[in-house]
$ cat protein19.cif   # mmCIF, C-alpha atoms
data_start
#
loop_
_atom_site.label_atom_id
_atom_site.label_comp_id
_atom_site.auth_asym_id
_atom_site.auth_seq_id
_atom_site.Cartn_x
_atom_site.Cartn_y
_atom_site.Cartn_z
CA MET A 1 -15.57 -12.48 7.09
CA LEU A 2 -12.73 -12.19 9.62
CA GLN A 3 -12.96 -14.42 12.66
CA MET A 4 -11.83 -13.29 16.11
CA HIS A 5 -10.29 -16.70 16.83
CA GLU A 6 -7.71 -15.96 14.14
CA LEU A 7 -6.21 -13.27 16.39
CA ALA A 8 -3.25 -14.02 18.64
CA ASP A 9 -3.02 -13.26 22.35
CA LEU A 10 -2.92 -9.54 23.18
CA ARG A 11 0.55 -9.97 24.65
CA GLU A 12 1.87 -11.01 21.24
CA TYR A 13 0.73 -7.72 19.72
CA VAL A 14 2.17 -5.73 22.60
CA ARG A 15 5.45 -7.59 22.15
CA PHE A 16 5.45 -6.87 18.42
CA PHE A 17 4.65 -3.19 18.98
CA ILE A 18 7.45 -2.76 21.53
CA THR A 19 9.88 -4.63 19.29
CA LEU A 20 8.93 -2.48 16.30
CA ILE A 21 9.44 0.76 18.26
CA ALA A 22 12.86 -0.49 19.37
CA VAL A 23 13.79 -1.48 15.81
CA LEU A 24 12.57 1.75 14.24
CA ASP A 25 14.27 3.80 16.99
CA PRO A 26 12.90 7.21 15.91
CA PHE A 27 15.42 8.91 18.24
CA LEU A 28 18.21 7.69 15.96
CA ALA A 29 16.48 9.36 13.00
CA VAL A 30 16.07 12.72 14.77
CA PRO A 31 19.61 14.07 14.07
CA ILE A 32 19.43 12.97 10.42
CA TYR A 33 15.99 14.53 9.97
CA VAL A 34 17.12 17.76 11.63
CA GLY A 35 20.22 17.89 9.43
CA ALA A 36 18.19 17.32 6.25
CA THR A 37 15.62 20.02 7.12
CA LEU A 38 17.69 22.57 9.03
CA THR A 39 17.35 25.30 6.40
CA ARG A 40 13.92 24.22 5.14
CA SER A 41 10.51 25.76 5.79
CA ASP A 42 8.04 24.27 8.23
CA ALA A 43 5.80 23.30 5.31
CA TYR A 44 8.64 21.24 3.81
CA ARG A 45 9.37 19.60 7.18
CA ARG A 46 5.70 18.71 7.61
CA LYS A 47 5.51 17.22 4.12
CA LEU A 48 8.75 15.27 4.56
CA ALA A 49 7.61 13.83 7.90
CA GLN A 50 4.37 12.73 6.25
CA VAL A 51 6.09 11.14 3.24
CA VAL A 52 8.65 9.32 5.39
CA THR A 53 5.96 7.99 7.73
CA LEU A 54 3.70 6.83 4.88
CA THR A 55 6.65 5.14 3.17
CA VAL A 56 7.56 3.24 6.35
CA PHE A 57 3.92 2.20 6.79
CA ALA A 58 3.65 1.04 3.16
CA VAL A 59 6.88 -0.98 3.29
CA LEU A 60 6.09 -2.69 6.60
CA GLY A 61 2.39 -3.14 5.85
CA GLY A 62 3.28 -4.74 2.53
CA SER A 63 5.78 -7.01 4.27
CA ALA A 64 3.04 -8.23 6.63
CA PHE A 65 1.03 -9.59 3.69
CA ALA A 66 3.86 -10.47 1.30
CA GLY A 67 5.97 -12.25 3.92
CA GLU A 68 4.64 -15.74 3.15
CA GLY A 69 5.40 -15.33 -0.55
CA MET A 70 8.88 -14.03 0.23
CA LEU A 71 9.64 -17.03 2.45
CA ASP A 72 8.33 -19.44 -0.19
CA LEU A 73 10.41 -17.70 -2.86
CA MET A 74 13.54 -18.02 -0.75
CA GLY A 75 12.71 -21.58 0.25
CA ALA A 76 13.21 -20.66 3.90
CA SER A 77 11.17 -21.96 6.83
CA LEU A 78 9.81 -19.64 9.49
CA PRO A 79 12.15 -21.06 12.20
CA ALA A 80 15.15 -20.44 9.92
CA PHE A 81 13.94 -16.92 9.24
CA ARG A 82 13.55 -16.36 13.00
CA VAL A 83 17.20 -17.25 13.52
CA GLY A 84 18.34 -15.01 10.66
CA GLY A 85 16.04 -12.17 11.65
CA GLY A 86 17.12 -12.46 15.28
CA LEU A 87 20.75 -12.18 14.20
CA VAL A 88 19.96 -9.02 12.24
CA LEU A 89 18.22 -7.56 15.29
CA LEU A 90 21.17 -8.47 17.50
CA LEU A 91 23.62 -6.70 15.17
CA MET A 92 21.37 -3.64 15.21
CA ALA A 93 21.12 -3.79 19.01
CA LEU A 94 24.90 -3.92 19.41
CA ALA A 95 25.27 -0.83 17.21
CA MET A 96 22.51 0.97 19.18
CA LEU A 97 24.29 0.21 22.47
CA ASN A 98 27.15 2.25 21.00
CA ALA A 99 24.66 4.96 19.93
CA GLN A 100 25.42 4.26 16.26
CA ALA A 101 23.29 3.43 13.24
CA GLY A 102 25.43 0.42 12.36
CA GLY A 103 26.11 -1.23 9.02
CA VAL A 104 22.75 -3.02 8.95
CA ARG A 105 20.90 0.30 8.81
CA GLN A 106 23.41 2.38 6.88
CA SER A 107 26.70 1.60 5.15
CA GLU A 108 29.75 3.88 5.41
CA ALA A 109 29.28 4.94 1.78
CA GLU A 110 25.66 5.93 2.45
CA ALA A 111 26.74 7.88 5.53
CA VAL A 112 29.33 9.79 3.48
CA GLU A 113 26.78 10.58 0.74
CA LEU A 114 24.37 11.83 3.37
CA GLU A 115 27.00 14.12 4.93
CA GLN A 116 27.80 15.50 1.47
CA GLY A 117 24.12 16.24 0.86
CA GLN A 118 23.75 13.67 -1.92
CA LEU A 119 20.97 11.84 -0.10
CA SER A 120 17.99 13.32 1.70
CA GLY A 121 14.32 12.78 2.38
CA VAL A 122 12.88 9.31 1.94
CA VAL A 123 16.37 7.93 1.31
CA PRO A 124 17.91 7.16 3.75
CA LEU A 125 15.34 8.21 6.36
CA ALA A 126 12.46 5.91 5.45
CA VAL A 127 14.55 3.24 3.69
CA PRO A 128 16.82 1.78 4.95
CA LEU A 129 17.29 3.69 8.23
CA LEU A 130 13.74 3.11 9.53
CA ALA A 131 12.08 0.49 7.32
CA GLY A 132 15.24 -1.56 6.91
CA PRO A 133 16.09 -5.28 7.21
CA GLY A 134 15.41 -5.34 10.94
CA ALA A 135 11.92 -3.84 10.78
CA ILE A 136 10.98 -5.90 7.72
CA SER A 137 12.15 -9.20 9.21
CA THR A 138 10.39 -8.41 12.51
CA THR A 139 7.14 -7.76 10.64
CA ILE A 140 7.39 -10.93 8.56
CA ILE A 141 8.16 -13.11 11.58
CA SER A 142 5.22 -11.70 13.57
CA SER A 143 2.73 -11.83 10.69
CA GLU A 144 3.41 -15.45 9.72
CA VAL A 145 1.97 -16.98 12.91
CA GLY A 146 -1.70 -16.25 12.15
CA GLY A 147 -4.36 -15.72 9.52
CA VAL A 148 -5.74 -12.69 7.70
CA ALA A 149 -7.28 -11.11 10.80
CA HIS A 150 -3.96 -11.49 12.60
CA ARG A 151 -2.14 -9.72 9.78
CA PHE A 152 -4.61 -6.83 9.86
CA ALA A 153 -3.94 -6.56 13.60
CA ILE A 154 -0.21 -6.46 12.85
CA VAL A 155 -0.81 -3.68 10.33
CA ALA A 156 -2.81 -1.80 12.98
CA CYS A 157 0.19 -2.04 15.32
CA ILE A 158 2.39 -0.74 12.51
CA GLY A 159 -0.01 2.16 12.05
CA VAL A 160 0.22 3.17 15.71
CA ALA A 161 4.02 2.89 15.61
CA CYS A 162 4.11 5.06 12.48
CA LEU A 163 1.88 7.63 14.20
CA LEU A 164 4.42 7.88 17.02
CA LEU A 165 7.17 8.13 14.41
CA TRP A 166 5.35 11.00 12.69
CA VAL A 167 4.95 12.85 16.00
CA THR A 168 8.66 12.36 16.75
CA LEU A 169 9.69 13.71 13.33
CA ARG A 170 7.35 16.69 13.61
CA LEU A 171 8.89 17.54 16.98
CA ALA A 172 12.42 16.56 15.91
CA HIS A 173 13.86 20.10 16.04
CA VAL A 174 12.33 20.71 19.48
CA ILE A 175 13.54 17.33 20.76
CA ALA A 176 17.06 17.90 19.43
CA LEU A 177 17.17 21.34 21.04
CA ARG A 178 15.86 20.33 24.46
CA VAL A 179 17.21 16.80 24.83
CA GLY A 180 20.49 17.22 22.98
CA GLN A 181 22.69 14.57 21.41
CA THR A 182 23.51 13.00 24.77
CA GLY A 183 19.84 12.52 25.60
CA LEU A 184 19.15 10.98 22.19
CA ASN A 185 22.12 8.63 22.65
CA ILE A 186 20.82 7.50 26.05
CA ALA A 187 17.38 6.76 24.57
CA THR A 188 18.97 4.80 21.72
CA ARG A 189 21.12 2.77 24.13
CA LEU A 190 18.08 1.88 26.25
CA LEU A 191 16.18 0.74 23.17
CA GLY A 192 19.28 -1.18 22.07
CA LEU A 193 19.38 -3.07 25.37
CA LEU A 194 15.71 -3.99 25.00
CA LEU A 195 16.24 -5.01 21.38
CA ALA A 196 19.18 -7.25 22.30
CA ALA A 197 16.98 -9.26 24.68
CA ILE A 198 14.24 -9.53 22.04
CA ALA A 199 16.78 -10.61 19.40
CA ILE A 200 18.13 -13.43 21.56
CA GLN A 201 14.59 -14.60 22.37
CA THR A 202 13.72 -14.61 18.65
CA MET A 203 16.82 -16.63 17.81
CA ALA A 204 16.08 -19.08 20.63
CA GLU A 205 12.53 -19.65 19.33
CA GLY A 206 13.90 -20.23 15.83
CA LEU A 207 16.51 -22.73 17.04
CA LYS A 208 13.82 -24.66 18.94
CA GLY A 209 11.83 -24.89 15.71
CA LEU A 210 14.84 -26.11 13.73
CA PHE A 211 16.05 -28.46 16.45
CA PRO A 212 13.04 -29.68 18.50
CA GLY A 213 15.37 -31.63 20.77
CA LEU A 214 16.57 -28.34 22.26
CA ALA A 215 13.15 -27.75 23.81
CA SER A 216 13.29 -30.97 25.86
#
$ encode --input "protein19.cif" --output "C-alpha coordinates"
Amino acid sequence: MLQMHELADLREYVRFFITLIAVLDPFLAVPIYVGATLTRSDAYRRKLAQVVTLTVFAVLGGSAFAGEGMLDLMGASLPAFRVGGGLVLLLMALAMLNAQAGGVRQSEAEAVELEQGQLSGVVPLAVPLLAGPGAISTTIISSEVGGVAHRFAIVACIGVACLLLWVTLRLAHVIALRVGQTGLNIATRLLGLLLAAIAIQTMAEGLKGLFPGLAS
(Lines of atoms letter the chains of each structure in order from A and count residues from 1; the text may use other names and numbers.)
(Lines give C-alpha, C1' and ligand atoms only; values in the text may rest on other atoms or scores of the structure.)
Protein backbone atom coordinates (compact mmCIF):
# COMPACT_ATOMS: atom_id res chain seq x y z
CA MET A 1 0.00 0.00 0.00
CA LEU A 2 1.36 3.45 -0.91
CA GLN A 3 2.25 5.71 1.98
CA MET A 4 1.69 9.46 1.89
CA HIS A 5 5.03 10.12 3.61
CA GLU A 6 6.74 8.84 0.46
CA LEU A 7 5.52 11.93 -1.40
CA ALA A 8 7.73 14.99 -1.77
CA ASP A 9 6.74 18.56 -0.96
CA LEU A 10 4.07 20.01 -3.26
CA ARG A 11 6.54 22.62 -4.47
CA GLU A 12 8.74 19.88 -5.91
CA TYR A 13 5.89 18.64 -8.10
CA VAL A 14 5.02 22.16 -9.19
CA ARG A 15 8.67 22.72 -10.07
CA PHE A 16 8.78 19.47 -12.05
CA PHE A 17 5.55 20.32 -13.88
CA ILE A 18 6.77 23.79 -14.85
CA THR A 19 10.15 22.40 -15.93
CA LEU A 20 8.47 19.71 -18.03
CA ILE A 21 6.22 22.25 -19.79
CA ALA A 22 9.29 24.38 -20.55
CA VAL A 23 11.22 21.35 -21.85
CA LEU A 24 8.36 20.03 -23.97
CA ASP A 25 7.65 23.54 -25.32
CA PRO A 26 4.49 22.63 -27.27
CA PHE A 27 4.66 26.02 -29.04
CA LEU A 28 7.82 24.85 -30.79
CA ALA A 29 5.94 21.80 -32.08
CA VAL A 30 3.01 23.82 -33.44
CA PRO A 31 4.63 24.83 -36.79
CA ILE A 32 5.88 21.27 -37.38
CA TYR A 33 2.47 19.78 -36.55
CA VAL A 34 0.72 22.29 -38.81
CA GLY A 35 3.14 21.55 -41.65
CA ALA A 36 2.65 17.78 -41.30
CA THR A 37 -1.16 18.03 -41.26
CA LEU A 38 -1.83 21.03 -43.51
CA THR A 39 -3.55 19.00 -46.24
CA ARG A 40 -4.96 16.33 -43.93
CA SER A 41 -8.51 15.84 -42.67
CA ASP A 42 -9.58 16.81 -39.18
CA ALA A 43 -9.97 13.13 -38.32
CA TYR A 44 -6.32 12.53 -39.21
CA ARG A 45 -5.22 15.56 -37.17
CA ARG A 46 -7.20 14.35 -34.18
CA LYS A 47 -5.72 10.86 -34.42
CA LEU A 48 -2.17 12.19 -34.85
CA ALA A 49 -2.51 14.49 -31.84
CA GLN A 50 -3.71 11.54 -29.78
CA VAL A 51 -0.91 9.22 -30.92
CA VAL A 52 1.79 11.84 -30.35
CA THR A 53 0.47 12.66 -26.88
CA LEU A 54 0.19 9.00 -25.85
CA THR A 55 3.70 8.32 -27.14
CA VAL A 56 5.14 11.20 -25.11
CA PHE A 57 3.28 9.98 -22.02
CA ALA A 58 4.50 6.40 -22.51
CA VAL A 59 8.14 7.42 -23.01
CA LEU A 60 8.24 9.80 -20.03
CA GLY A 61 6.11 7.59 -17.79
CA GLY A 62 8.40 4.66 -18.55
CA SER A 63 11.44 6.81 -17.79
CA ALA A 64 10.01 7.65 -14.35
CA PHE A 65 10.05 3.97 -13.37
CA ALA A 66 13.02 2.77 -15.43
CA GLY A 67 15.31 5.65 -14.43
CA GLU A 68 16.96 3.81 -11.52
CA GLY A 69 17.80 0.85 -13.73
CA MET A 70 19.18 3.14 -16.43
CA LEU A 71 21.44 4.92 -13.92
CA ASP A 72 22.67 1.59 -12.53
CA LEU A 73 23.32 0.31 -16.04
CA MET A 74 25.37 3.39 -16.88
CA GLY A 75 27.13 3.33 -13.52
CA ALA A 76 26.23 6.99 -13.00
CA SER A 77 25.24 8.60 -9.71
CA LEU A 78 22.23 10.88 -9.42
CA PRO A 79 24.41 13.99 -8.78
CA ALA A 80 26.42 13.22 -11.93
CA PHE A 81 23.23 12.76 -13.89
CA ARG A 82 21.95 16.09 -12.55
CA VAL A 83 25.02 17.84 -13.93
CA GLY A 84 24.71 16.10 -17.31
CA GLY A 85 20.95 16.60 -17.48
CA GLY A 86 21.31 20.24 -16.49
CA LEU A 87 23.82 20.74 -19.30
CA VAL A 88 21.37 19.23 -21.79
CA LEU A 89 18.64 21.55 -20.53
CA LEU A 90 20.96 24.54 -20.80
CA LEU A 91 21.80 23.72 -24.43
CA MET A 92 18.09 23.42 -25.18
CA ALA A 93 17.39 26.71 -23.40
CA LEU A 94 20.04 28.54 -25.44
CA ALA A 95 18.49 27.25 -28.67
CA MET A 96 15.00 28.26 -27.46
CA LEU A 97 16.22 31.79 -26.70
CA ASN A 98 17.01 31.95 -30.43
CA ALA A 99 13.56 30.48 -31.21
CA GLN A 100 15.19 27.35 -32.65
CA ALA A 101 14.79 23.64 -32.00
CA GLY A 102 18.53 23.15 -31.56
CA GLY A 103 20.70 20.11 -32.16
CA VAL A 104 19.64 18.41 -28.93
CA ARG A 105 16.05 18.15 -30.16
CA GLN A 106 16.65 17.76 -33.87
CA SER A 107 19.76 17.36 -36.02
CA GLU A 108 20.24 19.19 -39.32
CA ALA A 109 19.77 15.92 -41.22
CA GLU A 110 16.45 15.28 -39.46
CA ALA A 111 15.32 18.82 -40.23
CA VAL A 112 16.12 18.33 -43.92
CA GLU A 113 14.25 15.00 -44.02
CA LEU A 114 11.26 16.65 -42.38
CA GLU A 115 11.23 19.49 -44.92
CA GLN A 116 11.39 16.93 -47.74
CA GLY A 117 8.42 15.06 -46.28
CA GLN A 118 10.42 11.95 -45.38
CA LEU A 119 9.47 12.18 -41.72
CA SER A 120 6.07 12.89 -40.22
CA GLY A 121 3.79 11.96 -37.37
CA VAL A 122 5.30 10.39 -34.27
CA VAL A 123 8.79 10.95 -35.68
CA PRO A 124 10.00 13.62 -35.10
CA LEU A 125 7.05 15.16 -33.24
CA ALA A 126 6.82 12.79 -30.27
CA VAL A 127 10.42 11.55 -30.40
CA PRO A 128 12.82 13.32 -30.25
CA LEU A 129 11.27 16.80 -30.55
CA LEU A 130 9.00 16.48 -27.49
CA ALA A 131 10.05 13.37 -25.56
CA GLY A 132 13.74 13.88 -26.21
CA PRO A 133 16.89 13.83 -24.04
CA GLY A 134 15.85 16.92 -22.10
CA ALA A 135 12.40 15.66 -21.09
CA ILE A 136 13.70 12.17 -20.32
CA SER A 137 16.58 13.39 -18.15
CA THR A 138 14.26 15.81 -16.33
CA THR A 139 11.86 12.97 -15.56
CA ILE A 140 14.60 10.63 -14.35
CA ILE A 141 16.16 13.27 -12.10
CA SER A 142 12.82 14.15 -10.51
CA SER A 143 11.65 10.56 -10.07
CA GLU A 144 14.82 9.31 -8.36
CA VAL A 145 14.37 11.35 -5.16
CA GLY A 146 11.43 9.35 -3.76
CA GLY A 147 9.65 6.02 -3.56
CA VAL A 148 6.87 4.38 -5.54
CA ALA A 149 4.18 6.85 -4.47
CA HIS A 150 6.45 9.71 -5.50
CA ARG A 151 6.94 8.19 -8.94
CA PHE A 152 3.19 7.80 -9.42
CA ALA A 153 2.84 11.49 -8.52
CA ILE A 154 5.49 12.30 -11.14
CA VAL A 155 3.53 10.28 -13.70
CA ALA A 156 0.39 12.22 -12.74
CA CYS A 157 2.26 15.47 -13.45
CA ILE A 158 3.34 14.03 -16.80
CA GLY A 159 -0.29 13.18 -17.53
CA VAL A 160 -1.44 16.75 -16.91
CA ALA A 161 1.41 18.11 -19.05
CA CYS A 162 0.46 15.70 -21.85
CA LEU A 163 -3.16 16.83 -21.59
CA LEU A 164 -2.04 20.42 -22.17
CA LEU A 165 0.12 19.19 -25.04
CA TRP A 166 -2.87 17.43 -26.61
CA VAL A 167 -4.99 20.59 -26.33
CA THR A 168 -2.20 22.63 -27.94
CA LEU A 169 -1.87 20.19 -30.85
CA ARG A 170 -5.63 20.05 -31.38
CA LEU A 171 -5.71 23.85 -31.56
CA ALA A 172 -2.41 24.10 -33.44
CA HIS A 173 -3.91 25.41 -36.70
CA VAL A 174 -5.96 28.02 -34.83
CA ILE A 175 -2.96 29.05 -32.71
CA ALA A 176 -0.71 29.33 -35.77
CA LEU A 177 -3.30 31.44 -37.57
CA ARG A 178 -4.07 33.83 -34.71
CA VAL A 179 -0.72 34.07 -32.94
CA GLY A 180 1.56 33.76 -35.95
CA GLN A 181 5.21 32.74 -36.07
CA THR A 182 6.33 35.83 -34.14
CA GLY A 183 3.98 35.05 -31.26
CA LEU A 184 5.14 31.42 -31.15
CA ASN A 185 8.77 32.58 -31.13
CA ILE A 186 8.10 34.94 -28.21
CA ALA A 187 6.49 32.13 -26.21
CA THR A 188 9.43 29.84 -26.96
CA ARG A 189 11.95 32.50 -25.90
CA LEU A 190 10.12 33.06 -22.60
CA LEU A 191 10.11 29.33 -21.89
CA GLY A 192 13.78 29.22 -22.88
CA LEU A 193 14.64 31.90 -20.31
CA LEU A 194 12.79 29.96 -17.62
CA LEU A 195 14.47 26.72 -18.67
CA ALA A 196 17.94 28.31 -18.53
CA ALA A 197 17.43 29.24 -14.87
CA ILE A 198 16.15 25.73 -14.07
CA ALA A 199 19.10 24.15 -15.92
CA ILE A 200 21.66 26.14 -13.93
CA GLN A 201 19.89 25.27 -10.66
CA THR A 202 19.91 21.57 -11.61
CA MET A 203 23.61 21.67 -12.42
CA ALA A 204 24.35 23.49 -9.16
CA GLU A 205 22.51 20.82 -7.14
CA GLY A 206 24.44 18.10 -8.96
CA LEU A 207 27.80 19.77 -8.33
CA LYS A 208 26.98 20.09 -4.61
CA GLY A 209 26.29 16.35 -4.54
CA LEU A 210 29.56 15.53 -6.31
CA PHE A 211 31.60 18.05 -4.32
CA PRO A 212 30.03 18.50 -0.85
CA GLY A 213 32.64 21.12 -0.01
CA LEU A 214 30.92 23.52 -2.41
CA ALA A 215 27.88 23.67 -0.13
CA SER A 216 29.89 25.01 2.82
$ resolve_selection --input "protein19.cif" --expression "the PyMOL selection byres ((chain A and resi 64) around 6)" --output "list of chain:residue names"
A:Gly61, A:Gly62, A:Ser63, A:Phe65, A:Ala66, A:Gly67, A:Thr139, A:Ile140, A:Ser143
$ residues_around --input "protein19.cif" --residues "range 192-199 of chain A" --least-positions-apart "4" --cutoff "12 Å" --atoms "all atoms listed in the file" --output "PyMOL selection string"
chain A and resi 15-25+27-28+82-102+134-135+137-138+141+185-188+203-206
$ residues_near_point --input "protein19.cif" --point "(15.4, 16.6, 11.5)" --cutoff "10 Å" --atoms "all atoms listed in the file" --output "PyMOL selection string"
chain A and resi 29-38+45+48-49+121+125+168-176
$ closest_residue --input "protein19.cif" --among "A:Val52, A:Val59, A:Ile200, A:Val14" --to "Ser142 in chain A" --atoms "all atoms listed in the file"
A:Val14
$ residues_around --input "protein19.cif" --residues "Thr53 in chain A" --least-positions-apart "2" --cutoff "7 Å" --atoms "all atoms listed in the file" --output "PDB file with C-alpha atoms, in the coordinates of the input"
ATOM      1  CA  ALA A  49       7.610  13.830   7.900  1.00  0.00           C
ATOM      2  CA  GLN A  50       4.370  12.730   6.250  1.00  0.00           C
ATOM      3  CA  VAL A  51       6.090  11.140   3.240  1.00  0.00           C
ATOM      4  CA  THR A  55       6.650   5.140   3.170  1.00  0.00           C
ATOM      5  CA  VAL A  56       7.560   3.240   6.350  1.00  0.00           C
ATOM      6  CA  PHE A  57       3.920   2.200   6.790  1.00  0.00           C
ATOM      7  CA  CYS A 162       4.110   5.060  12.480  1.00  0.00           C
ATOM      8  CA  LEU A 165       7.170   8.130  14.410  1.00  0.00           C
ATOM      9  CA  TRP A 166       5.350  11.000  12.690  1.00  0.00           C
TER      10      TRP A 166
END
$ atom_distance --input "protein19.cif" --atom1 "CA of Cys157 in chain A" --atom2 "CA of Pro26 in chain A"
15.7 Å
$ closest_residue --input "protein19.cif" --among "A:Ala43, A:Ala109, A:Ala153, A:Ala58" --to "Glu12 in chain A" --atoms "only C-alpha atoms"
A:Ala153
$ atom_distance --input "protein19.cif" --atom1 "CA of Val145 in chain A" --atom2 "CA of Leu60 in chain A"
16.2 Å
$ residues_around --input "protein19.cif" --residues "Gly132 in chain A" --least-positions-apart "4" --cutoff "8 Å" --atoms "all atoms listed in the file" --output "ChimeraX atom specification"
/A:104-105,127-128,136
$ closest_residue --input "protein19.cif" --among "A:Leu73, A:Thr182, A:Leu54, A:Ala8" --to "Ile158 in chain A" --atoms "all atoms listed in the file"
A:Leu54
$ atom_distance --input "protein19.cif" --atom1 "CA of Ala80 in chain A" --atom2 "CA of Glu108 in chain A"
28.7 Å
$ decode --input "protein19.cif" --residues "range 169-202 of chain A" --atoms "N, CA and C atoms" --output "short mmCIF file (atom, residue, chain, number, x, y, z; two decimals), in the first residue's frame"
data_model
loop_
_atom_site.label_atom_id
_atom_site.label_comp_id
_atom_site.auth_asym_id
_atom_site.auth_seq_id
_atom_site.Cartn_x
_atom_site.Cartn_y
_atom_site.Cartn_z
N LEU A 169 -1.94 20.78 -29.51
CA LEU A 169 -1.87 20.19 -30.85
C LEU A 169 -3.24 20.24 -31.55
N ARG A 170 -4.29 20.01 -30.79
CA ARG A 170 -5.63 20.05 -31.38
C ARG A 170 -5.97 21.45 -31.87
N LEU A 171 -5.44 22.46 -31.18
CA LEU A 171 -5.71 23.85 -31.56
C LEU A 171 -4.56 24.45 -32.35
N ALA A 172 -3.63 23.60 -32.80
CA ALA A 172 -2.41 24.10 -33.44
C ALA A 172 -2.69 25.00 -34.64
N HIS A 173 -3.62 24.61 -35.50
CA HIS A 173 -3.91 25.41 -36.70
C HIS A 173 -4.52 26.75 -36.32
N VAL A 174 -5.36 26.77 -35.30
CA VAL A 174 -5.96 28.02 -34.83
C VAL A 174 -4.90 28.90 -34.19
N ILE A 175 -4.03 28.29 -33.37
CA ILE A 175 -2.96 29.05 -32.71
C ILE A 175 -2.02 29.65 -33.75
N ALA A 176 -1.63 28.84 -34.74
CA ALA A 176 -0.71 29.33 -35.77
C ALA A 176 -1.33 30.48 -36.56
N LEU A 177 -2.63 30.41 -36.79
CA LEU A 177 -3.30 31.44 -37.57
C LEU A 177 -3.45 32.74 -36.78
N ARG A 178 -3.80 32.63 -35.50
CA ARG A 178 -4.07 33.83 -34.71
C ARG A 178 -2.83 34.42 -34.06
N VAL A 179 -1.91 33.58 -33.63
CA VAL A 179 -0.72 34.07 -32.94
C VAL A 179 0.39 34.40 -33.93
N GLY A 180 0.52 33.54 -34.95
CA GLY A 180 1.56 33.76 -35.95
C GLY A 180 2.92 33.27 -35.48
N GLN A 181 3.88 33.23 -36.39
CA GLN A 181 5.21 32.74 -36.07
C GLN A 181 5.91 33.61 -35.03
N THR A 182 5.70 34.92 -35.11
CA THR A 182 6.33 35.83 -34.14
C THR A 182 5.83 35.55 -32.73
N GLY A 183 4.53 35.35 -32.58
CA GLY A 183 3.98 35.05 -31.26
C GLY A 183 4.50 33.73 -30.71
N LEU A 184 4.60 32.71 -31.57
CA LEU A 184 5.14 31.42 -31.15
C LEU A 184 6.60 31.56 -30.73
N ASN A 185 7.37 32.38 -31.47
CA ASN A 185 8.77 32.58 -31.13
C ASN A 185 8.92 33.28 -29.78
N ILE A 186 8.06 34.25 -29.50
CA ILE A 186 8.10 34.94 -28.21
C ILE A 186 7.84 33.97 -27.07
N ALA A 187 6.82 33.12 -27.24
CA ALA A 187 6.49 32.13 -26.21
C ALA A 187 7.65 31.17 -25.98
N THR A 188 8.29 30.75 -27.07
CA THR A 188 9.43 29.84 -26.96
C THR A 188 10.60 30.51 -26.25
N ARG A 189 10.84 31.78 -26.55
CA ARG A 189 11.95 32.50 -25.90
C ARG A 189 11.69 32.66 -24.40
N LEU A 190 10.45 32.93 -24.02
CA LEU A 190 10.12 33.06 -22.60
C LEU A 190 10.32 31.74 -21.87
N LEU A 191 9.89 30.65 -22.48
CA LEU A 191 10.11 29.33 -21.89
C LEU A 191 11.59 29.00 -21.85
N GLY A 192 12.34 29.44 -22.85
CA GLY A 192 13.78 29.22 -22.88
C GLY A 192 14.49 29.93 -21.74
N LEU A 193 14.05 31.15 -21.43
CA LEU A 193 14.64 31.90 -20.31
C LEU A 193 14.37 31.19 -18.99
N LEU A 194 13.15 30.70 -18.82
CA LEU A 194 12.79 29.96 -17.62
C LEU A 194 13.61 28.67 -17.53
N LEU A 195 13.74 27.98 -18.65
CA LEU A 195 14.47 26.72 -18.67
C LEU A 195 15.95 26.92 -18.37
N ALA A 196 16.53 28.03 -18.80
CA ALA A 196 17.94 28.31 -18.53
C ALA A 196 18.18 28.41 -17.02
N ALA A 197 17.29 29.11 -16.33
CA ALA A 197 17.43 29.24 -14.87
C ALA A 197 17.30 27.87 -14.19
N ILE A 198 16.34 27.06 -14.65
CA ILE A 198 16.15 25.73 -14.07
C ILE A 198 17.37 24.85 -14.35
N ALA A 199 17.93 24.96 -15.55
CA ALA A 199 19.10 24.15 -15.92
C ALA A 199 20.28 24.46 -15.02
N ILE A 200 20.54 25.74 -14.77
CA ILE A 200 21.66 26.14 -13.93
C ILE A 200 21.45 25.66 -12.49
N GLN A 201 20.20 25.76 -12.00
CA GLN A 201 19.89 25.27 -10.66
C GLN A 201 20.12 23.77 -10.56
N THR A 202 19.71 23.02 -11.59
CA THR A 202 19.91 21.57 -11.61
C THR A 202 21.38 21.21 -11.59
#
